[in-house]
>>> print(open('my_file16.cif').read())   # mmCIF, C-alpha atoms
data_data
loop_
_atom_site.label_atom_id
_atom_site.label_comp_id
_atom_site.auth_asym_id
_atom_site.auth_seq_id
_atom_site.Cartn_x
_atom_site.Cartn_y
_atom_site.Cartn_z
CA MET B 1 -23.58 -60.10 15.29
CA LYS B 2 -27.06 -61.06 16.45
CA LEU B 3 -28.59 -64.42 15.56
CA HIS B 4 -31.82 -66.12 16.58
CA ILE B 5 -31.01 -69.68 17.60
CA ASN B 6 -33.84 -71.93 18.81
CA GLY B 7 -35.90 -68.87 19.66
CA ASP B 8 -33.17 -67.19 21.73
CA VAL B 9 -31.27 -64.09 20.61
CA ILE B 10 -27.57 -64.87 20.64
CA GLU B 11 -25.03 -62.04 20.49
CA LEU B 12 -21.67 -62.95 19.00
CA GLU B 13 -18.63 -60.73 19.32
CA GLN B 14 -17.13 -61.81 16.03
CA GLN B 15 -18.78 -61.64 12.66
CA MET B 16 -19.43 -65.09 11.16
CA SER B 17 -19.71 -65.55 7.42
CA THR B 18 -20.83 -69.16 6.98
CA VAL B 19 -22.84 -71.80 8.84
CA GLU B 20 -19.69 -73.87 9.20
CA GLU B 21 -17.91 -70.99 10.97
CA LEU B 22 -20.85 -70.55 13.29
CA LEU B 23 -20.93 -74.26 14.18
CA THR B 24 -17.19 -74.25 14.85
CA HIS B 25 -17.62 -71.22 17.08
CA LEU B 26 -20.39 -72.96 19.01
CA GLY B 27 -18.31 -76.15 19.28
CA LEU B 28 -20.90 -78.10 17.30
CA GLN B 29 -19.01 -78.81 14.07
CA GLU B 30 -18.55 -82.55 14.67
CA LYS B 31 -22.07 -83.23 15.89
CA PRO B 32 -24.78 -84.74 13.70
CA LEU B 33 -27.31 -81.91 13.70
CA ILE B 34 -30.32 -81.01 11.63
CA ILE B 35 -30.19 -77.30 10.97
CA GLU B 36 -32.87 -75.03 9.60
CA HIS B 37 -31.56 -71.65 8.43
CA ASN B 38 -34.19 -69.01 7.70
CA GLN B 39 -36.82 -71.73 7.25
CA SER B 40 -34.78 -73.88 4.89
CA ILE B 41 -33.25 -77.19 5.92
CA LEU B 42 -29.54 -77.45 5.26
CA LYS B 43 -27.74 -80.48 3.98
CA LYS B 44 -24.39 -81.15 5.57
CA GLU B 45 -22.53 -80.35 2.37
CA ASP B 46 -24.10 -76.86 2.36
CA HIS B 47 -22.63 -75.81 5.72
CA SER B 48 -19.40 -74.40 4.28
CA SER B 49 -21.04 -72.47 1.45
CA ARG B 50 -24.18 -71.16 3.16
CA GLU B 51 -23.64 -67.51 4.09
CA ILE B 52 -25.13 -66.00 7.19
CA GLN B 53 -26.13 -62.46 8.08
CA ASP B 54 -27.14 -60.43 11.09
CA GLY B 55 -30.64 -61.31 12.29
CA ASP B 56 -30.73 -64.79 10.67
CA GLN B 57 -32.86 -67.47 12.25
CA PHE B 58 -31.65 -70.95 13.13
CA GLU B 59 -33.42 -73.98 14.49
CA ILE B 60 -30.99 -76.70 15.53
CA VAL B 61 -32.05 -80.19 16.60
CA HIS B 62 -30.00 -83.28 17.37
CA PHE B 63 -31.28 -86.82 17.59
CA VAL B 64 -31.02 -88.68 20.86
CA GLY B 65 -31.56 -92.34 21.67
CA GLY B 66 -32.89 -92.44 25.22
CA GLY B 67 -36.37 -93.36 26.19
CA MET Y 1 -72.23 -98.25 34.11
CA LEU Y 2 -68.49 -97.68 34.01
CA GLU Y 3 -68.54 -98.31 30.28
CA ASN Y 4 -71.19 -95.70 29.52
CA ASN Y 5 -69.50 -92.53 30.61
CA ARG Y 6 -65.85 -93.51 30.94
CA TYR Y 7 -64.86 -91.63 27.78
CA HIS Y 8 -67.36 -88.78 28.11
CA ARG Y 9 -64.82 -85.96 28.41
CA GLN Y 10 -62.83 -87.26 25.47
CA GLU Y 11 -65.96 -87.59 23.36
CA LEU Y 12 -66.86 -84.00 24.21
CA PHE Y 13 -63.57 -83.00 22.59
CA GLN Y 14 -64.89 -82.20 19.13
CA PRO Y 15 -62.07 -83.60 16.91
CA ILE Y 16 -62.62 -87.02 18.54
CA GLY Y 17 -66.32 -87.14 19.39
CA LYS Y 18 -68.34 -90.35 19.72
CA GLU Y 19 -67.33 -91.44 16.26
CA GLY Y 20 -63.63 -91.04 16.97
CA GLN Y 21 -64.03 -92.90 20.24
CA GLN Y 22 -65.54 -95.84 18.37
CA LYS Y 23 -62.58 -95.80 15.97
CA LEU Y 24 -60.17 -95.88 18.89
CA ARG Y 25 -61.96 -98.93 20.25
CA ASN Y 26 -61.33 -100.75 16.98
CA CYS Y 27 -57.63 -99.92 16.85
CA HIS Y 28 -54.53 -101.84 17.84
CA VAL Y 29 -51.34 -99.99 18.78
CA LEU Y 30 -47.96 -101.59 19.35
CA ILE Y 31 -45.65 -99.87 21.84
CA VAL Y 32 -42.04 -100.95 21.48
CA GLY Y 33 -40.38 -100.60 24.87
CA ALA Y 34 -41.95 -100.30 28.30
CA GLY Y 35 -39.53 -97.96 30.03
CA ALA Y 36 -40.26 -94.31 30.67
CA LEU Y 37 -41.78 -93.43 27.29
CA GLY Y 38 -43.55 -96.78 26.99
CA SER Y 39 -45.16 -96.68 30.44
CA SER Y 40 -46.54 -93.24 29.86
CA SER Y 41 -47.74 -93.91 26.30
CA ALA Y 42 -49.35 -97.16 27.34
CA GLU Y 43 -51.16 -95.59 30.27
CA GLN Y 44 -52.50 -92.76 28.11
CA LEU Y 45 -53.64 -95.03 25.28
CA VAL Y 46 -55.29 -97.48 27.67
CA ARG Y 47 -57.09 -94.67 29.51
CA ALA Y 48 -58.12 -93.21 26.14
CA GLY Y 49 -59.83 -96.50 25.23
CA VAL Y 50 -57.65 -97.73 22.37
CA GLY Y 51 -59.15 -101.21 21.95
CA THR Y 52 -55.93 -103.22 21.92
CA VAL Y 53 -52.51 -102.19 23.14
CA SER Y 54 -49.52 -104.51 22.70
CA LEU Y 55 -46.33 -103.88 24.61
CA VAL Y 56 -42.94 -105.47 24.11
CA ASP Y 57 -40.00 -105.09 26.44
CA ARG Y 58 -36.88 -107.11 27.21
CA ASP Y 59 -36.05 -105.72 30.62
CA TYR Y 60 -37.21 -105.99 34.24
CA VAL Y 61 -37.99 -103.31 36.83
CA GLU Y 62 -35.17 -101.73 38.84
CA LEU Y 63 -35.18 -99.08 41.55
CA THR Y 64 -33.70 -96.35 39.31
CA ASN Y 65 -36.72 -96.75 37.00
CA LEU Y 66 -39.28 -95.56 39.55
CA GLN Y 67 -38.43 -91.85 39.23
CA ARG Y 68 -40.11 -91.77 35.81
CA GLN Y 69 -41.49 -95.16 34.74
CA GLN Y 70 -44.94 -94.50 36.02
CA LEU Y 71 -46.52 -97.94 35.82
CA TYR Y 72 -44.12 -99.58 38.28
CA THR Y 73 -43.94 -99.88 42.03
CA GLU Y 74 -41.44 -100.77 44.74
CA GLU Y 75 -43.03 -104.21 44.85
CA ASP Y 76 -42.17 -104.74 41.17
CA VAL Y 77 -38.56 -103.86 42.00
CA SER Y 78 -38.28 -106.30 44.88
CA GLU Y 79 -39.85 -109.08 42.79
CA GLN Y 80 -37.70 -108.18 39.75
CA MET Y 81 -40.81 -108.21 37.60
CA PRO Y 82 -40.36 -108.03 33.84
CA LYS Y 83 -41.59 -104.61 32.77
CA ALA Y 84 -44.04 -106.00 30.23
CA VAL Y 85 -45.69 -108.22 32.86
CA ALA Y 86 -45.87 -105.49 35.54
CA ALA Y 87 -47.17 -103.03 32.95
CA GLU Y 88 -49.90 -105.37 31.76
CA GLN Y 89 -51.12 -105.98 35.31
CA ARG Y 90 -51.26 -102.28 36.10
CA LEU Y 91 -52.88 -101.34 32.78
CA GLN Y 92 -55.64 -103.90 33.17
CA LYS Y 93 -56.40 -102.47 36.62
CA ILE Y 94 -56.72 -99.04 35.03
CA ASN Y 95 -59.04 -100.19 32.24
CA GLN Y 96 -60.40 -103.72 31.95
CA ASP Y 97 -62.48 -102.58 29.02
CA VAL Y 98 -59.48 -102.75 26.64
CA THR Y 99 -57.16 -105.60 25.74
CA VAL Y 100 -53.52 -105.43 26.73
CA HIS Y 101 -50.96 -107.90 25.38
CA ALA Y 102 -47.53 -107.81 26.94
CA HIS Y 103 -44.51 -109.72 25.69
CA VAL Y 104 -41.20 -110.18 27.47
CA ILE Y 105 -39.09 -110.33 24.33
CA ASP Y 106 -36.37 -108.52 22.45
CA ALA Y 107 -37.94 -106.55 19.61
CA GLY Y 108 -36.02 -107.96 16.63
CA PRO Y 109 -37.09 -108.09 12.97
CA GLU Y 110 -39.01 -111.37 13.33
CA GLU Y 111 -40.89 -110.30 16.42
CA LEU Y 112 -41.87 -106.89 15.07
CA SER Y 113 -42.83 -108.33 11.68
CA SER Y 114 -45.12 -110.84 13.37
CA PHE Y 115 -47.01 -107.99 15.05
CA ALA Y 116 -47.11 -105.78 12.00
CA GLN Y 117 -50.06 -107.44 10.28
CA TYR Y 118 -52.29 -106.84 13.29
CA VAL Y 119 -51.47 -103.27 14.29
CA ASP Y 120 -52.55 -99.86 13.00
CA LEU Y 121 -49.62 -97.94 14.39
CA MET Y 122 -46.33 -98.37 16.27
CA ILE Y 123 -45.06 -96.08 18.99
CA ASP Y 124 -41.34 -95.89 19.60
CA ALA Y 125 -40.44 -96.16 23.25
CA THR Y 126 -37.09 -97.85 22.80
CA ASP Y 127 -33.74 -96.61 24.05
CA ASN Y 128 -31.60 -97.41 21.02
CA PHE Y 129 -31.35 -96.82 17.28
CA ASP Y 130 -30.79 -100.48 16.35
CA THR Y 131 -34.37 -101.27 17.28
CA ARG Y 132 -35.63 -98.05 15.73
CA PHE Y 133 -34.10 -98.94 12.35
CA VAL Y 134 -35.83 -102.32 12.52
CA MET Y 135 -39.13 -100.59 13.38
CA ASN Y 136 -38.53 -98.23 10.47
CA ASP Y 137 -38.14 -101.06 7.96
CA VAL Y 138 -41.14 -102.95 9.37
CA SER Y 139 -43.13 -99.74 9.09
CA GLN Y 140 -42.22 -99.37 5.42
CA LYS Y 141 -42.77 -103.01 4.56
CA TYR Y 142 -46.23 -103.23 6.12
CA GLU Y 143 -47.16 -99.57 5.52
CA ILE Y 144 -47.80 -98.82 9.16
CA PRO Y 145 -46.81 -95.42 10.57
CA TRP Y 146 -44.49 -95.17 13.54
CA ILE Y 147 -43.83 -92.30 15.87
CA TYR Y 148 -40.21 -91.73 16.84
CA GLY Y 149 -39.67 -90.29 20.31
CA ALA Y 150 -36.60 -89.96 22.49
CA CYS Y 151 -35.30 -87.92 25.39
CA VAL Y 152 -32.29 -87.28 27.59
CA SER Y 153 -31.80 -84.72 30.38
CA SER Y 154 -34.46 -82.02 29.77
CA TYR Y 155 -34.36 -82.48 26.00
CA GLY Y 156 -36.64 -84.43 23.69
CA VAL Y 157 -37.29 -85.08 19.98
CA THR Y 158 -40.20 -86.59 18.11
CA PHE Y 159 -41.16 -87.23 14.51
CA THR Y 160 -43.96 -89.19 12.86
CA VAL Y 161 -42.96 -91.42 9.96
CA LEU Y 162 -45.81 -91.92 7.50
CA PRO Y 163 -44.82 -94.47 4.81
CA GLY Y 164 -45.20 -93.03 1.33
CA GLU Y 165 -45.37 -89.46 2.65
CA THR Y 166 -42.67 -88.31 5.04
CA PRO Y 167 -38.94 -89.07 5.08
CA CYS Y 168 -38.19 -92.22 7.08
CA LEU Y 169 -35.51 -92.70 9.74
CA GLN Y 170 -33.13 -94.11 7.13
CA CYS Y 171 -33.46 -90.89 5.08
CA LEU Y 172 -32.19 -89.04 8.16
CA ILE Y 173 -29.31 -91.43 8.88
CA ASP Y 174 -26.65 -88.74 8.35
CA TYR Y 175 -28.04 -87.00 11.43
CA ILE Y 176 -28.24 -90.05 13.70
CA PRO Y 177 -25.41 -90.26 16.27
CA LYS Y 178 -23.32 -93.40 15.85
CA ASP Y 179 -21.70 -93.49 19.27
CA GLY Y 180 -23.27 -94.06 22.64
CA ALA Y 181 -23.08 -90.37 23.55
CA THR Y 182 -26.85 -90.20 23.79
CA CYS Y 183 -27.13 -92.70 26.65
CA ASP Y 184 -28.80 -91.68 29.84
CA THR Y 185 -25.48 -91.03 31.50
CA VAL Y 186 -26.47 -87.37 31.55
CA GLY Y 187 -29.68 -88.18 33.39
CA ILE Y 188 -33.30 -87.43 32.62
CA ILE Y 189 -36.14 -85.52 34.22
CA ASN Y 190 -39.62 -86.94 34.01
CA PRO Y 191 -41.21 -83.81 32.43
CA ALA Y 192 -39.02 -84.37 29.34
CA VAL Y 193 -40.42 -87.91 29.08
CA GLN Y 194 -43.98 -86.69 29.50
CA MET Y 195 -43.53 -83.96 26.89
CA VAL Y 196 -42.32 -86.44 24.26
CA VAL Y 197 -45.19 -88.76 25.11
CA SER Y 198 -47.69 -85.88 24.89
CA TYR Y 199 -46.61 -85.32 21.29
CA GLN Y 200 -46.52 -89.03 20.45
CA VAL Y 201 -49.92 -89.86 21.93
CA THR Y 202 -51.58 -86.79 20.41
CA GLU Y 203 -50.18 -87.78 17.01
CA ALA Y 204 -51.44 -91.31 17.59
CA LEU Y 205 -54.95 -90.09 18.47
CA LYS Y 206 -55.06 -87.86 15.39
CA TYR Y 207 -54.00 -90.70 13.14
CA LEU Y 208 -56.31 -93.28 14.70
CA VAL Y 209 -59.43 -91.10 14.50
CA GLY Y 210 -58.52 -90.17 10.92
CA ASP Y 211 -57.69 -86.50 11.48
CA THR Y 212 -54.43 -86.80 9.56
CA GLY Y 213 -54.58 -83.18 8.38
CA ALA Y 214 -53.98 -82.12 11.99
CA MET Y 215 -50.75 -84.12 12.30
CA MET Y 216 -47.59 -82.14 12.94
CA GLY Y 217 -45.66 -83.02 9.77
CA GLN Y 218 -42.49 -81.65 11.33
CA LEU Y 219 -39.58 -82.75 13.42
CA ILE Y 220 -40.14 -81.35 16.90
CA GLY Y 221 -37.38 -80.79 19.43
CA PHE Y 222 -37.50 -79.07 22.79
CA ASP Y 223 -35.47 -78.35 25.86
CA LEU Y 224 -37.70 -77.74 28.85
CA TRP Y 225 -34.90 -76.45 31.09
CA LYS Y 226 -33.67 -73.98 28.47
CA ASN Y 227 -37.23 -73.01 27.47
CA GLU Y 228 -36.61 -73.93 23.84
CA ARG Y 229 -38.90 -75.42 21.25
CA MET Y 230 -37.85 -76.18 17.69
CA GLU Y 231 -39.94 -77.15 14.67
CA LEU Y 232 -38.17 -78.26 11.52
CA SER Y 233 -39.79 -79.03 8.18
CA VAL Y 234 -37.68 -81.98 7.12
CA ALA Y 235 -39.75 -83.08 4.09
CA SER Y 236 -36.86 -82.05 1.79
CA LEU Y 237 -34.61 -84.69 3.40
CA LYS Y 238 -36.59 -87.59 1.90
CA LYS Y 239 -34.11 -89.50 -0.26
CA ASP Y 240 -35.05 -90.75 -3.71
CA ASP Y 241 -32.64 -93.66 -3.35
CA CYS Y 242 -33.37 -94.50 0.29
CA PRO Y 243 -32.74 -98.23 0.99
CA SER Y 244 -35.78 -98.30 3.30
CA CYS Y 245 -38.47 -96.15 1.71
CA SER Y 246 -37.71 -95.56 -1.98
CA ALA Y 247 -39.02 -97.59 -4.94
CA GLN Y 248 -35.74 -99.56 -5.08
CA ARG Y 249 -35.72 -100.28 -1.36
CA THR Y 250 -34.04 -103.35 0.09
CA LEU Y 251 -35.18 -103.00 3.75
CA PRO Y 252 -31.67 -103.69 5.07
CA TYR Y 253 -32.65 -104.08 8.71
CA LEU Y 254 -35.01 -106.97 7.97
CA ALA Y 255 -32.54 -108.81 5.75
CA TYR Y 256 -30.53 -109.41 8.85
CA GLN Y 257 -27.36 -111.25 8.71
CA ASN Y 258 -26.61 -108.03 10.58
CA GLN Y 259 -28.79 -109.14 13.41
CA LEU Y 260 -27.44 -108.14 16.80
CA LYS Y 261 -26.72 -110.98 19.13
CA THR Y 262 -25.22 -108.77 21.78
CA ALA Y 263 -26.21 -105.26 22.80
CA VAL Y 264 -24.84 -102.85 25.35
CA LEU Y 265 -27.78 -101.39 27.25
CA CYS Y 266 -27.91 -97.63 27.34
CA GLY Y 267 -26.23 -96.19 30.44
CA ARG Y 268 -26.72 -99.35 32.42
CA ASP Y 269 -23.30 -100.98 32.53
CA THR Y 270 -25.06 -103.99 31.12
CA VAL Y 271 -24.68 -106.27 28.11
CA GLN Y 272 -27.53 -108.33 26.67
CA ILE Y 273 -26.75 -111.65 25.06
CA ARG Y 274 -29.32 -113.25 22.83
CA PRO Y 275 -28.45 -116.75 21.66
CA PRO Y 276 -29.93 -118.29 18.51
CA ARG Y 277 -33.14 -120.17 19.17
CA GLU Y 278 -31.68 -123.66 19.20
CA GLU Y 279 -29.25 -122.73 21.97
CA ARG Y 280 -31.85 -121.73 24.53
CA VAL Y 281 -31.42 -122.97 28.06
CA ASN Y 282 -34.08 -124.10 30.50
CA ILE Y 283 -33.86 -121.68 33.42
CA SER Y 284 -35.15 -124.02 36.11
CA ASP Y 285 -32.68 -126.75 35.07
CA LEU Y 286 -29.90 -124.20 35.22
CA ALA Y 287 -31.06 -123.01 38.67
CA GLN Y 288 -30.96 -126.61 39.91
CA SER Y 289 -27.42 -127.15 38.74
CA LEU Y 290 -26.20 -123.82 40.14
CA LYS Y 291 -27.65 -124.43 43.61
CA ARG Y 292 -24.61 -126.58 44.35
CA ASN Y 293 -22.28 -123.63 43.85
CA GLU Y 294 -22.25 -121.72 47.13
CA GLN Y 295 -20.55 -118.70 45.60
CA VAL Y 296 -23.55 -118.04 43.41
CA LYS Y 297 -26.48 -116.17 44.96
CA LEU Y 298 -29.65 -117.19 43.16
CA PHE Y 299 -33.04 -115.54 42.84
CA GLU Y 300 -35.82 -117.04 40.79
CA ASN Y 301 -39.34 -116.00 39.80
CA PRO Y 302 -41.60 -117.44 37.09
CA TYR Y 303 -40.10 -115.13 34.47
CA LEU Y 304 -36.40 -114.98 35.17
CA LEU Y 305 -33.43 -116.34 37.04
CA SER Y 306 -30.93 -113.98 38.60
CA MET Y 307 -27.48 -114.98 39.83
CA GLU Y 308 -24.88 -112.92 41.58
CA ILE Y 309 -21.20 -113.81 41.54
CA ASP Y 310 -18.82 -111.26 43.13
CA ASP Y 311 -19.38 -107.96 41.26
CA VAL Y 312 -21.31 -109.44 38.40
CA ARG Y 313 -24.99 -110.21 38.15
CA LEU Y 314 -26.55 -112.32 35.42
CA VAL Y 315 -30.26 -112.30 34.72
CA LEU Y 316 -31.70 -114.99 32.43
CA PHE Y 317 -35.12 -114.63 30.88
CA GLN Y 318 -37.36 -117.45 29.70
CA ASP Y 319 -36.98 -116.39 26.08
CA GLY Y 320 -33.29 -117.23 26.29
CA ARG Y 321 -31.78 -113.79 26.73
CA THR Y 322 -29.27 -112.99 29.44
CA LEU Y 323 -28.46 -109.58 30.85
CA ILE Y 324 -24.97 -109.28 32.28
CA HIS Y 325 -24.74 -106.39 34.74
CA GLY Y 326 -21.47 -104.89 35.86
CA THR Y 327 -19.77 -104.66 32.47
CA LYS Y 328 -20.00 -102.76 29.19
CA ASP Y 329 -17.43 -105.01 27.57
CA ILE Y 330 -19.07 -107.43 25.14
CA THR Y 331 -16.12 -109.82 25.17
CA GLU Y 332 -16.05 -109.98 28.95
CA ALA Y 333 -19.81 -110.38 29.02
CA LYS Y 334 -19.61 -113.32 26.62
CA LYS Y 335 -16.90 -114.91 28.76
CA ILE Y 336 -19.08 -114.66 31.88
CA TYR Y 337 -22.04 -115.96 29.91
CA TYR Y 338 -20.18 -119.04 28.71
CA GLN Y 339 -18.83 -119.56 32.21
CA TYR Y 340 -22.20 -119.72 33.95
CA VAL Y 341 -24.86 -120.29 31.33
CA GLY Y 342 -22.92 -122.36 28.81
#
>>> encode(input="my_file16.cif", output="structure tokens")
Amino acid sequence: MKLHINGDVIELEQQMSTVEELLTHLGLQEKPLIIEHNQSILKKEDHSSREIQDGDQFEIVHFVGGG
Amino acid sequence: MLENNRYHRQELFQPIGKEGQQKLRNCHVLIVGAGALGSSSAEQLVRAGVGTVSLVDRDYVELTNLQRQQLYTEEDVSEQMPKAVAAEQRLQKINQDVTVHAHVIDAGPEELSSFAQYVDLMIDATDNFDTRFVMNDVSQKYEIPWIYGACVSSYGVTFTVLPGETPCLQCLIDYIPKDGATCDTVGIINPAVQMVVSYQVTEALKYLVGDTGAMMGQLIGFDLWKNERMELSVASLKKDDCPSCSAQRTLPYLAYQNQLKTAVLCGRDTVQIRPPREERVNISDLAQSLKRNEQVKLFENPYLLSMEIDDVRLVLFQDGRTLIHGTKDITEAKKIYYQYVG
């Protein structure tokens, strides 16, 4: 499936059905991330129920402390 | 003569103009931290003619800072100058038309609260979330905006907190990393610093000249190496029961029994120890007594006393803080502290 993540087109061999599956696939499931899915901000508790489809857009940001 | 056309190009920029320039002159901005982000922010605000810039920083200049902390020189490294002092000297050379106040202190709740009544805006240039949460509560209490900014490697994030409008840092706490994984152990390139500062200073200018409609209103993230830029509308994350910004707020970071007396400095193999006020030591008295110990290599300047014992280096500041280099272990650091400082 094809997804737009942070402006890049990402091709995935497997089909993913939820945000949680996608995060696990990307190795990001444990990280504190703010995720926007098709212009709507997700709460953490929504990750397992939010379904994803081919062509969906994601913006993913994580907080850092350095400065 | 200098005064008359110094800001000409900035005044030509229509959203600022002569009127905006006059507003900048009447403003006071507090920059918390004078490392990479703080040096760059301070230089830009001072050049832009912001009337008063206050800087607080607890650290002194080291060689590894020079790659990105643009206000400092090799001379500052060899003299172990406190960053705030070195920054103030450099900034006043750049623009003697503005006032710069620099303070070699740890930015705790008391210190930041004492500034709050005088400033229009706070810029985050710290390297840790403990201080940011204190800034966040001070911002809410005194209704002063603050502009979060942070960076590691080629990545950066920024967000402007406007009390009463946007979510605050506490609203976003579920997304804040709790471990030290964000330390600068992965390195940093200067363009990432400058990009964060570009956003922060532009937001500051917009706010200070009153063009709040032009402010970004979003969480911005970017990775310069990966050519990525993210914009997230996080307004929906504002919490109705937030302990820092809701109607029933308690401002937990100001109520401090929680107050940190020790802190591990990001990526530095260093622990800071900050004793309660009544326990402060006189650094010249201490230097005198340590001179008898031949194993201790001493260095002293008007701001700090540095002592080296085997693999460990202790640096004492006049405000009572001690940095213990060569360990990340708080217990070990305390032991060394009690051994040499008392």
>>> interface_residues(input="my_file16.cif", of="chain B", to="chain Y", cutoff="9 Å", atoms="only C-alpha atoms", output="ChimeraX atom specification")
/B:6-8,31-36,39-41,43-44,59-67
>>> residues_around(input="my_file16.cif", residues="Cys168 (chain Y)", least_positions_apart="4", cutoff="7 Å", atoms="all atoms listed in the file", output="list in words")
Asn136, Val161, Leu172 and Cys245 of chain Y
>>> atom_distance(input="my_file16.cif", atom1="CA of Val186 (chain Y)", atom2="CA of Asp59 (chain Y)")
20.7 Å
>>> closest_residue(input="my_file16.cif", among="Y:Glu43, Y:Glu75, Y:Glu332, Y:Asp97", to="Ile273 (chain Y)", atoms="all atoms listed in the file")
Y:Glu332
>>> closest_residue(input="my_file16.cif", among="B:Lys2, B:Glu20, B:His37, B:Leu28", to="Phe58 (chain B)", atoms="only C-alpha atoms")
B:His37
>>> resolve_selection(input="my_file16.cif", expression="the PyMOL selection byres ((chain Y and resi 324) around 9)", output="ChimeraX atom specification")
/Y:269-273,312-316,322-323,325-328,333-334,336-337
>>> atom_distance(input="my_file16.cif", atom1="CA of Gln200 (chain Y)", atom2="CA of Tyr60 (chain Y)")
23.8 Å
>>> atom_distance(input="my_file16.cif", atom1="CA of Gln295 (chain Y)", atom2="CA of Phe317 (chain Y)")
21.1 Å
>>> resolve_selection(input="my_file16.cif", expression="the PyMOL selection byres ((chain Y and resi 135) around 12)", output="PyMOL selection string")
chain Y and resi 30-33+107-116+121-126+128-134+136-148+161+163+168-170+244+251-254
>>> write_last_selection(input="my_file16.cif", atoms="C-alpha atoms", output="PDB file, in the frame of the given file")
ATOM      1  CA  LEU Y  30     -47.960-101.590  19.350  1.00  0.00           C
ATOM      2  CA  ILE Y  31     -45.650 -99.870  21.840  1.00  0.00           C
ATOM      3  CA  VAL Y  32     -42.040-100.950  21.480  1.00  0.00           C
ATOM      4  CA  GLY Y  33     -40.380-100.600  24.870  1.00  0.00           C
ATOM      5  CA  ALA Y 107     -37.940-106.550  19.610  1.00  0.00           C
ATOM      6  CA  GLY Y 108     -36.020-107.960  16.630  1.00  0.00           C
ATOM      7  CA  PRO Y 109     -37.090-108.090  12.970  1.00  0.00           C
ATOM      8  CA  GLU Y 110     -39.010-111.370  13.330  1.00  0.00           C
ATOM      9  CA  GLU Y 111     -40.890-110.300  16.420  1.00  0.00           C
ATOM     10  CA  LEU Y 112     -41.870-106.890  15.070  1.00  0.00           C
ATOM     11  CA  SER Y 113     -42.830-108.330  11.680  1.00  0.00           C
ATOM     12  CA  SER Y 114     -45.120-110.840  13.370  1.00  0.00           C
ATOM     13  CA  PHE Y 115     -47.010-107.990  15.050  1.00  0.00           C
ATOM     14  CA  ALA Y 116     -47.110-105.780  12.000  1.00  0.00           C
ATOM     15  CA  LEU Y 121     -49.620 -97.940  14.390  1.00  0.00           C
ATOM     16  CA  MET Y 122     -46.330 -98.370  16.270  1.00  0.00           C
ATOM     17  CA  ILE Y 123     -45.060 -96.080  18.990  1.00  0.00           C
ATOM     18  CA  ASP Y 124     -41.340 -95.890  19.600  1.00  0.00           C
ATOM     19  CA  ALA Y 125     -40.440 -96.160  23.250  1.00  0.00           C
ATOM     20  CA  THR Y 126     -37.090 -97.850  22.800  1.00  0.00           C
ATOM     21  CA  ASN Y 128     -31.600 -97.410  21.020  1.00  0.00           C
ATOM     22  CA  PHE Y 129     -31.350 -96.820  17.280  1.00  0.00           C
ATOM     23  CA  ASP Y 130     -30.790-100.480  16.350  1.00  0.00           C
ATOM     24  CA  THR Y 131     -34.370-101.270  17.280  1.00  0.00           C
ATOM     25  CA  ARG Y 132     -35.630 -98.050  15.730  1.00  0.00           C
ATOM     26  CA  PHE Y 133     -34.100 -98.940  12.350  1.00  0.00           C
ATOM     27  CA  VAL Y 134     -35.830-102.320  12.520  1.00  0.00           C
ATOM     28  CA  ASN Y 136     -38.530 -98.230  10.470  1.00  0.00           C
ATOM     29  CA  ASP Y 137     -38.140-101.060   7.960  1.00  0.00           C
ATOM     30  CA  VAL Y 138     -41.140-102.950   9.370  1.00  0.00           C
ATOM     31  CA  SER Y 139     -43.130 -99.740   9.090  1.00  0.00           C
ATOM     32  CA  GLN Y 140     -42.220 -99.370   5.420  1.00  0.00           C
ATOM     33  CA  LYS Y 141     -42.770-103.010   4.560  1.00  0.00           C
ATOM     34  CA  TYR Y 142     -46.230-103.230   6.120  1.00  0.00           C
ATOM     35  CA  GLU Y 143     -47.160 -99.570   5.520  1.00  0.00           C
ATOM     36  CA  ILE Y 144     -47.800 -98.820   9.160  1.00  0.00           C
ATOM     37  CA  PRO Y 145     -46.810 -95.420  10.570  1.00  0.00           C
ATOM     38  CA  TRP Y 146     -44.490 -95.170  13.540  1.00  0.00           C
ATOM     39  CA  ILE Y 147     -43.830 -92.300  15.870  1.00  0.00           C
ATOM     40  CA  TYR Y 148     -40.210 -91.730  16.840  1.00  0.00           C
ATOM     41  CA  VAL Y 161     -42.960 -91.420   9.960  1.00  0.00           C
ATOM     42  CA  PRO Y 163     -44.820 -94.470   4.810  1.00  0.00           C
ATOM     43  CA  CYS Y 168     -38.190 -92.220   7.080  1.00  0.00           C
ATOM     44  CA  LEU Y 169     -35.510 -92.700   9.740  1.00  0.00           C
ATOM     45  CA  GLN Y 170     -33.130 -94.110   7.130  1.00  0.00           C
ATOM     46  CA  SER Y 244     -35.780 -98.300   3.300  1.00  0.00           C
ATOM     47  CA  LEU Y 251     -35.180-103.000   3.750  1.00  0.00           C
ATOM     48  CA  PRO Y 252     -31.670-103.690   5.070  1.00  0.00           C
ATOM     49  CA  TYR Y 253     -32.650-104.080   8.710  1.00  0.00           C
ATOM     50  CA  LEU Y 254     -35.010-106.970   7.970  1.00  0.00           C
TER      51      LEU Y 254
END
>>> residues_around(input="my_file16.cif", residues="Asp46 (chain B)", least_positions_apart="4", cutoff="10 Å", atoms="all atoms listed in the file", output="ChimeraX atom specification")
/B:18-20,41-42,50-51
>>> resolve_selection(input="my_file16.cif", expression="the PyMOL selection byres ((chain Y and resi 11-15) around 12)", output="ChimeraX atom specification")
/Y:4-10,16-24,48-49,202,205-214
>>> closest_residue(input="my_file16.cif", among="B:Met1, B:Asn38, B:Ile10, B:Ser48", to="Leu23 (chain B)", atoms="all atoms listed in the file")
B:Ser48
